[in-house]
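start14.cif follows (mmCIF, C-alpha atoms):
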```cif
data_entry
#
loop_
_atom_site.label_atom_id
_atom_site.label_comp_id
_atom_site.auth_asym_id
_atom_site.auth_seq_id
_atom_site.Cartn_x
_atom_site.Cartn_y
_atom_site.Cartn_z
CA MET A 1 1.68 -16.19 -8.84
CA ALA A 2 -0.33 -18.68 -6.78
CA SER A 3 2.87 -19.91 -5.13
CA VAL A 4 3.83 -16.38 -4.12
CA SER A 5 0.32 -15.55 -2.93
CA ALA A 6 0.37 -18.61 -0.70
CA GLY A 7 3.67 -17.62 0.82
CA GLY A 8 5.50 -20.55 -0.70
CA GLU A 9 9.26 -20.68 -1.14
CA LEU A 10 10.64 -20.29 -4.67
CA SER A 11 13.75 -22.14 -5.72
CA ASP A 12 16.62 -20.51 -7.62
CA GLN A 13 15.40 -22.24 -10.76
CA GLN A 14 11.91 -20.85 -10.28
CA VAL A 15 13.33 -17.37 -9.81
CA LYS A 16 15.32 -17.74 -13.04
CA GLU A 17 12.27 -18.94 -14.97
CA TRP A 18 9.79 -16.65 -13.25
CA PRO A 19 9.60 -13.77 -15.79
CA ASP A 20 8.45 -16.03 -18.62
CA GLN A 21 6.18 -18.01 -16.31
CA PHE A 22 4.70 -14.79 -14.98
CA LYS A 23 3.82 -13.65 -18.49
CA ASP A 24 2.26 -17.00 -19.32
CA SER A 25 0.27 -17.55 -16.12
CA CYS A 26 -0.39 -13.99 -14.92
CA ASP A 27 -0.83 -11.64 -17.85
CA ALA A 28 0.36 -8.36 -16.35
CA ASP A 29 -0.32 -6.48 -19.59
CA LEU A 30 -3.98 -7.45 -19.31
CA TYR A 31 -4.33 -5.76 -15.92
CA ARG A 32 -1.78 -2.97 -16.16
CA LEU A 33 -2.99 0.55 -16.75
CA ASP A 34 -0.04 2.39 -18.23
CA ARG A 35 0.55 6.10 -18.14
CA THR A 36 -0.21 6.63 -21.82
CA GLU A 37 -3.47 4.68 -21.52
CA TYR A 38 -4.49 6.68 -18.47
CA VAL A 39 -3.94 10.00 -20.26
CA LYS A 40 -5.80 8.76 -23.32
CA SER A 41 -8.79 7.65 -21.22
CA PHE A 42 -8.82 10.95 -19.36
CA LYS A 43 -8.92 12.98 -22.57
CA GLU A 44 -11.63 10.76 -24.03
CA LEU A 45 -13.72 11.24 -20.89
CA GLY A 46 -13.22 14.99 -21.17
CA ARG A 47 -14.44 15.01 -24.77
CA LYS A 48 -17.45 12.91 -23.83
CA GLU A 49 -18.49 14.66 -20.62
CA GLY A 50 -17.15 18.13 -21.27
CA SER A 51 -14.22 19.78 -19.54
CA ILE A 52 -12.99 18.16 -16.32
CA SER A 53 -12.29 20.85 -13.75
CA GLY A 54 -10.30 18.69 -11.37
CA ILE A 55 -9.59 15.31 -9.79
CA TYR A 56 -9.60 13.81 -6.29
CA ALA A 57 -7.20 10.91 -5.90
CA GLN A 58 -6.16 8.81 -2.93
CA SER A 59 -3.25 6.50 -2.12
CA PHE A 60 -1.77 4.87 -5.24
CA GLY A 61 -4.53 6.57 -7.23
CA ALA A 62 -2.50 9.76 -6.79
CA VAL A 63 0.40 8.16 -8.64
CA ARG A 64 -1.90 7.25 -11.51
CA ALA A 65 -3.54 10.65 -11.47
CA SER A 66 -0.14 12.32 -11.79
CA ALA A 67 -0.26 11.30 -15.45
CA VAL A 68 -2.93 13.92 -16.16
CA ILE A 69 -1.42 16.73 -14.10
CA PRO A 70 -0.04 18.50 -17.21
CA GLU A 71 -3.45 18.28 -18.90
CA LEU A 72 -5.10 19.83 -15.84
CA LYS A 73 -2.48 22.58 -15.89
CA ARG A 74 -3.28 23.25 -19.53
CA THR A 75 -7.03 23.51 -18.86
CA GLY A 76 -6.70 25.53 -15.63
CA GLY A 77 -7.84 22.63 -13.46
CA TRP A 78 -6.94 21.41 -9.98
CA ALA A 79 -5.97 18.22 -8.16
CA VAL A 80 -6.49 16.97 -4.60
CA MET A 81 -4.15 14.19 -3.50
CA ASP A 82 -5.38 12.52 -0.30
CA ALA A 83 -2.78 10.46 1.61
CA PRO A 84 -0.84 9.90 -1.61
CA ALA A 85 1.40 6.88 -2.04
CA PRO A 86 5.13 7.62 -2.25
CA PRO A 87 6.10 9.34 -5.51
CA PRO A 88 7.08 7.00 -8.33
CA GLY A 89 10.77 6.25 -8.36
CA THR A 90 10.88 5.87 -4.57
CA HIS A 91 13.08 2.92 -3.63
CA ALA A 92 10.94 -0.04 -2.59
CA THR A 93 12.97 -0.52 0.59
CA ILE A 94 11.95 2.98 1.73
CA LEU A 95 8.33 2.36 0.77
CA MET A 96 8.09 -0.96 2.64
CA SER A 97 10.18 0.10 5.63
CA GLU A 98 8.18 3.25 6.29
CA ARG A 99 4.87 1.46 5.85
CA SER A 100 5.82 -1.42 8.14
CA LEU A 101 7.17 0.89 10.86
CA ALA A 102 4.03 3.05 10.64
CA LEU A 103 1.89 -0.05 11.11
CA GLU A 104 3.89 -1.16 14.14
CA GLU A 105 3.46 2.31 15.66
CA GLY A 106 -0.29 2.05 15.05
CA LEU A 107 -0.38 -1.35 16.73
CA GLN A 108 1.52 0.13 19.67
CA ASP A 109 -1.35 2.61 20.09
CA ILE A 110 -3.93 -0.16 19.92
CA MET A 111 -2.09 -2.24 22.51
CA GLY A 112 -1.76 0.74 24.85
CA CYS A 113 2.02 0.90 24.56
CA THR A 114 1.99 4.67 24.09
CA SER A 115 -0.16 5.50 27.12
CA SER A 116 1.42 7.10 30.17
CA ASP A 117 0.81 4.01 32.34
CA ALA A 118 2.05 1.47 29.78
CA SER A 119 4.47 -1.23 30.83
CA THR A 120 8.08 -0.51 29.97
CA ASP A 121 8.16 -3.83 28.12
CA CYS A 122 4.96 -3.24 26.11
CA GLN A 123 6.65 -2.27 22.85
CA LYS A 124 9.24 -5.00 23.22
CA ASP A 125 6.55 -7.65 23.83
CA LEU A 126 4.56 -6.47 20.81
CA HIS A 127 7.62 -6.64 18.59
CA ARG A 128 8.34 -10.17 19.81
CA LYS A 129 4.78 -11.24 18.98
CA LEU A 130 5.03 -9.78 15.49
CA ARG A 131 8.31 -11.58 14.98
CA GLU A 132 6.78 -14.87 16.10
CA MET A 133 3.61 -14.44 14.04
CA GLY A 134 5.65 -14.01 10.87
CA SER A 135 8.17 -16.73 11.59
CA ASP A 136 8.21 -20.35 10.56
CA ILE A 137 10.43 -22.30 12.93
CA THR A 138 11.23 -24.74 10.14
CA THR A 139 12.45 -21.94 7.86
CA PRO A 140 15.17 -19.63 9.27
CA THR A 141 14.26 -16.77 6.92
CA GLY A 142 10.73 -16.60 8.29
CA LEU A 143 7.44 -16.18 6.45
CA ALA A 144 8.78 -17.66 3.22
CA GLY A 145 8.05 -21.17 4.38
CA GLY A 146 4.41 -21.31 5.41
CA ALA A 147 0.95 -20.21 4.36
CA GLU A 148 -0.18 -19.77 7.96
CA GLU A 149 2.52 -17.20 8.65
CA TYR A 150 1.65 -15.46 5.40
CA GLU A 151 -2.04 -15.33 6.30
CA ARG A 152 -1.37 -13.87 9.74
CA MET A 153 0.84 -11.07 8.43
CA THR A 154 -1.33 -10.21 5.43
CA ALA A 155 -4.30 -10.04 7.80
CA LEU A 156 -2.52 -7.43 9.92
CA PHE A 157 -1.88 -5.27 6.86
CA SER A 158 -5.45 -5.74 5.67
CA LEU A 159 -7.00 -4.78 9.01
CA SER A 160 -4.70 -1.76 9.23
CA ASN A 161 -6.59 -0.11 6.38
CA ASN A 162 -9.09 0.92 9.04
CA MET A 163 -7.32 0.43 12.34
CA GLU A 164 -9.81 2.51 14.28
CA SER A 165 -12.74 0.30 13.31
CA ASN A 166 -10.67 -2.89 13.59
CA GLU A 167 -9.14 -2.00 16.95
CA LYS A 168 -11.00 -4.74 18.83
CA PRO A 169 -10.13 -7.70 16.54
CA LEU A 170 -6.53 -6.52 16.23
CA ARG A 171 -6.16 -6.25 19.98
CA GLY A 172 -7.74 -9.69 20.37
CA ILE A 173 -5.30 -11.33 17.96
CA LEU A 174 -2.24 -9.68 19.49
CA THR A 175 -3.38 -10.30 23.07
CA ASN A 176 -4.26 -13.96 22.54
CA TRP A 177 -1.19 -14.90 20.50
CA PRO A 178 -0.07 -17.67 20.30
CA LYS A 179 -3.34 -19.20 21.55
CA LEU A 180 -5.65 -17.73 18.94
CA SER A 181 -9.37 -18.23 19.35
CA THR A 182 -11.69 -19.48 16.62
CA ILE A 183 -12.88 -15.90 16.11
CA ASP A 184 -9.30 -14.66 15.87
CA GLN A 185 -8.56 -17.22 13.15
CA GLU A 186 -11.72 -16.32 11.25
CA VAL A 187 -10.68 -12.65 11.30
CA ILE A 188 -7.21 -13.61 10.05
CA ASN A 189 -8.61 -15.74 7.23
CA SER A 190 -10.97 -12.98 6.14
CA GLY A 191 -8.33 -10.27 6.44
CA SER A 192 -5.77 -12.22 4.46
CA TYR A 193 -8.27 -12.85 1.69
CA ALA A 194 -9.09 -9.13 1.55
CA PHE A 195 -5.40 -8.24 1.24
CA THR A 196 -4.32 -10.82 -1.32
CA ARG A 197 -7.72 -11.22 -2.98
CA ARG A 198 -7.19 -14.91 -3.51
CA HIS A 199 -9.39 -17.96 -3.27
CA GLY A 200 -8.95 -20.52 -0.53
CA ASP A 201 -7.37 -22.85 -3.08
CA ASN A 202 -4.66 -20.19 -3.63
CA GLN A 203 -5.93 -19.21 -7.07
CA VAL A 204 -5.12 -15.53 -7.45
CA LEU A 205 -7.98 -13.25 -8.35
CA PRO A 206 -7.60 -10.72 -11.19
CA ASP A 207 -7.70 -7.66 -8.95
CA PHE A 208 -4.66 -8.84 -6.99
CA ALA A 209 -2.82 -9.42 -10.26
CA GLY A 210 -3.84 -5.88 -11.22
CA TYR A 211 -2.52 -4.54 -7.92
CA ILE A 212 0.87 -6.16 -8.52
CA ALA A 213 0.97 -5.26 -12.22
CA ASN A 214 0.42 -1.56 -11.52
CA LEU A 215 2.29 -1.09 -8.25
CA CYS A 216 5.54 -2.86 -9.11
CA PRO A 217 6.66 -0.75 -12.10
CA ALA A 218 6.15 2.53 -10.23
CA TYR A 219 8.99 1.81 -7.80
CA ASN A 220 12.46 0.31 -7.99
CA GLY A 221 14.72 -1.87 -5.87
CA TRP A 222 12.12 -4.48 -4.88
CA GLY A 223 14.71 -7.22 -4.47
CA ALA A 224 16.58 -5.40 -1.69
CA GLY A 225 14.00 -6.20 0.98
CA ALA A 226 12.94 -4.09 3.96
CA GLY A 227 14.77 -5.40 6.98
CA SER A 228 15.30 -8.70 8.73
CA GLN A 229 12.66 -10.81 10.41
CA GLU A 230 14.37 -10.03 13.72
CA LYS A 231 14.52 -6.23 13.42
CA ASN A 232 11.51 -5.49 11.23
CA PRO A 233 9.11 -8.45 11.00
CA LEU A 234 6.40 -6.44 9.26
CA GLY A 235 8.93 -5.16 6.72
CA ALA A 236 10.14 -8.71 6.07
CA ALA A 237 6.52 -9.72 5.55
CA LEU A 238 5.92 -6.91 3.06
CA SER A 239 9.00 -7.95 1.13
CA ARG A 240 7.62 -11.47 0.84
CA MET A 241 4.15 -10.26 -0.13
CA HIS A 242 5.65 -8.25 -2.99
CA TYR A 243 8.15 -10.84 -4.09
CA ALA A 244 6.62 -10.87 -7.57
CA CYS A 245 7.70 -7.24 -7.98
CA SER A 246 11.39 -8.20 -7.85
CA VAL A 247 11.09 -10.62 -10.74
CA MET A 248 8.17 -9.23 -12.72
CA PRO A 249 9.13 -8.13 -16.22
CA GLY A 250 8.55 -4.49 -16.99
CA ASP A 251 8.63 -2.14 -19.95
CA GLU A 252 9.16 1.55 -20.56
CA ASP A 253 5.45 2.33 -20.80
CA SER A 254 4.83 0.92 -17.34
CA SER A 255 7.18 3.38 -15.62
CA TRP A 256 5.54 6.28 -13.81
CA THR A 257 7.29 9.59 -13.25
CA LEU A 258 5.98 12.77 -11.66
CA PRO A 259 5.61 15.81 -13.94
CA GLU A 260 7.78 18.82 -13.19
CA ALA A 261 6.51 21.45 -10.76
CA LYS A 262 6.07 23.97 -13.59
CA ASP A 263 3.55 21.60 -15.19
CA ALA A 264 1.39 21.22 -12.07
CA PRO A 265 -2.08 22.75 -11.70
CA SER A 266 -3.45 24.07 -8.40
CA LEU A 267 -2.61 21.22 -6.04
CA LEU A 268 -3.82 20.32 -2.55
CA LEU A 269 -2.00 17.64 -0.55
CA LEU A 270 -3.85 15.97 2.33
CA GLU A 271 -1.59 14.34 4.91
CA ASN A 272 -2.79 11.81 7.48
CA SER A 273 -0.19 11.75 10.25
CA ARG A 274 -1.39 8.35 11.53
CA ASP A 275 -1.86 6.55 8.22
CA PRO A 276 -0.28 3.06 8.42
CA VAL A 277 -0.49 2.46 4.67
CA THR A 278 0.87 5.69 3.22
CA PRO A 279 2.78 7.38 6.07
CA PRO A 280 3.02 11.20 6.18
CA SER A 281 6.53 11.03 4.76
CA ALA A 282 4.92 10.23 1.40
CA ALA A 283 2.89 13.45 1.37
CA SER A 284 6.01 15.33 2.45
CA ALA A 285 7.87 13.90 -0.55
CA TRP A 286 5.10 15.20 -2.84
CA ALA A 287 5.30 18.60 -1.13
CA LYS A 288 9.03 18.71 -1.80
CA LYS A 289 8.40 17.99 -5.47
CA TYR A 290 5.62 20.60 -5.63
CA PRO A 291 6.59 23.40 -3.22
CA ASP A 292 3.70 25.62 -4.34
CA ALA A 293 1.09 23.03 -3.37
CA ASP A 294 -1.27 23.75 -0.48
CA HIS A 295 -1.16 21.37 2.46
CA LEU A 296 -3.80 20.19 4.95
CA LYS A 297 -3.16 17.71 7.76
CA TYR A 298 -5.51 15.41 9.63
CA GLU A 299 -5.29 12.48 12.03
CA TYR A 300 -7.04 9.16 11.59
CA LEU A 301 -5.75 5.76 12.63
CA GLY A 302 -6.32 4.08 9.29
CA HIS A 303 -6.14 4.53 5.55
CA THR A 304 -9.37 6.14 4.43
CA LYS A 305 -10.26 9.39 2.79
CA ALA A 306 -10.10 12.63 4.76
CA PRO A 307 -12.74 12.91 7.51
CA GLU A 308 -15.91 14.89 6.98
CA LYS A 309 -14.69 17.64 9.29
CA LEU A 310 -12.27 18.61 6.52
CA SER A 311 -14.98 18.69 3.86
CA GLU A 312 -15.64 22.42 4.23
CA ASP A 313 -11.93 23.24 4.03
CA ILE A 314 -11.50 21.06 0.95
CA SER A 315 -14.62 22.49 -0.70
CA ALA A 316 -13.42 26.03 -0.01
CA TRP A 317 -10.05 25.21 -1.53
CA VAL A 318 -11.64 23.68 -4.64
CA ALA A 319 -13.89 26.73 -5.02
CA GLY A 320 -10.86 28.99 -4.87
CA ALA A 321 -8.90 26.84 -7.29
CA SER A 322 -11.81 26.79 -9.72
CA SER A 323 -12.40 30.55 -9.72
#
```
As structure tokens, the full file:
Amino acid sequence: MASVSAGGELSDQQVKEWPDQFKDSCDADLYRLDRTEYVKSFKELGRKEGSISGIYAQSFGAVRASAVIPELKRTGGWAVMDAPAPPPGTHATILMSERSLALEEGLQDIMGCTSSDASTDCQKDLHRKLREMGSDITTPTGLAGGAEEYERMTALFSLSNNMESNEKPLRGILTNWPKLSTIDQEVINSGSYAFTRRHGDNQVLPDFAGYIANLCPAYNGWGAGAGSQEKNPLGAALSRMHYACSVMPGDEDSSWTLPEAKDAPSLLLLENSRDPVTPPSAASAWAKKYPDADHLKYEYLGHTKAPEKLSEDISAWVAGASS
């Protein structure tokens, strides 16, 4: 796990031996919250605290929360899914491709490429910089060879969680590349740590192991990648960051599936059209699965919960769903 977190290359022999090594050195079962455990915990909480009228879940939390949708239906409850992650079963290539392309679009906004007076080469120059930032000239496949490349790309994904607040440091990094300032490098180091949650000595922290252990089994096709370094450098980076998913052992209990529409309670889907982490296509996929769900849209350049201006609308919806 430490080797993957550092962006190191794995040999064919390591890939072959990885499943057993993963179990021994990174106990996924210790950090994985399976569907059956989630439902059990939810029911226990209900018995302890009284009936639970509804849930508010965001991002991958919506996937987890889907486990208790039938229970909420049974009790007449409701569920609000804010910028939900793609439904379980989505092919990993789709997940990573859409996320990486959404991030590049967000970076185009930050770099002024979408303004009316933008240079005709703005988007092309940005793409070239992203390709260079994720490439290791000593390794043709890019990213797989060096920790510095890995840190730069993971920092971009980390900072994208709140692109509006991180607009200045992101613009500084992309403007100054390849001559990064000391401040730029400090931002990259901090951002990479926040994304991978690892120590400077490459020791992986438990919450990153938990992230991998819970995310990987929900989707399939991790080994297929998400585009070449040339055409989709951010997608290639995401593939490398989630390399463990392609070789991590799984089991039946770790697979997440969405309940049928007939088993869904009152459901509100919140869609952020500018979310670089869970693009709007994810909310649309949920809406297709649950055609009777209500739908609210908002715009925020980042991956945070719905803005306060929607609070009244959400509260009104919850009041109606609870009556």
For segment 282-291 of chain A, please output as a ChimeraX atom specification all residues within 8 Å (counting only C-alpha atoms; exclusion window: fewer than 5 positions along the same chain). /A:83-87,260-261,264,269-271
Nearest to Lys168 of chain A by atom-to-atom distance, counting all atoms listed in the file, from A:Asn214, A:Ile110, A:Leu72, A:Asn220: A:Ile110
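Distance-wise, atom CA of Ser66 of chain A and atom CA of Ala218 of chain A end up 11.7 Å apart.
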Mind telling me what the PyMOL selection byres ((chain A and resi 39-47) around 10) catches here, as a list in words? Asp34, Arg35, Thr36, Glu37, Tyr38, Lys48, Glu49, Gly50, Ser51, Ile52, Ser53, Arg64, Ala65, Ser66, Ala67, Val68, Ile69, Pro70 and Glu71 of chain A
As an exercise, work out the distance from atom CA of Ala102 of chain A to atom CA of Leu238 of chain A in Å and give it to one decimal place. 12.7 Å
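Of the listed residues (A:Asp82, A:His127, A:Gly191, A:Ala244), A:Asp82 comes nearest to Tyr298 of chain A; the distances count only C-alpha atoms.
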Which of these, A:Ser119, A:Thr304, A:Ser323, A:Ser315, has the shortest distance to Gln58 of chain A once you count all atoms listed in the file?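 Of the candidates, the smallest distance to Gln58 of chain A is held by A:Thr304.
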Interatomic distance (Å, one decimal) between atom CA of Glu167 of chain A and atom CA of Ala118 of chain A: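 So the answer is 17.4 Å.
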For each of A:Ala319, A:Pro265, A:Ser311, A:Ala236, take the minimum atom-to-atom distance to Ser97 of chain A, counting all atoms listed in the file, then give the residue where this is smallest.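 Selected residue with least distance to Ser97 of chain A: A:Ala236.
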Nearest residue to Ala306 of chain A from the set A:Thr114, A:Ser181, A:Gln108, A:Ser59 (distances using all atoms listed in the file):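 Under the stated criterion, the closest residue is A:Ser59.
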What residues come out when you apply the PyMOL selection byres ((chain A and resi 172-178) around 12) to this file, written as an MDAnalysis selection string? chainID A and resid 104 107:108 110:112 122 125:134 149 152:153 155:156 159 166:171 179:188 191
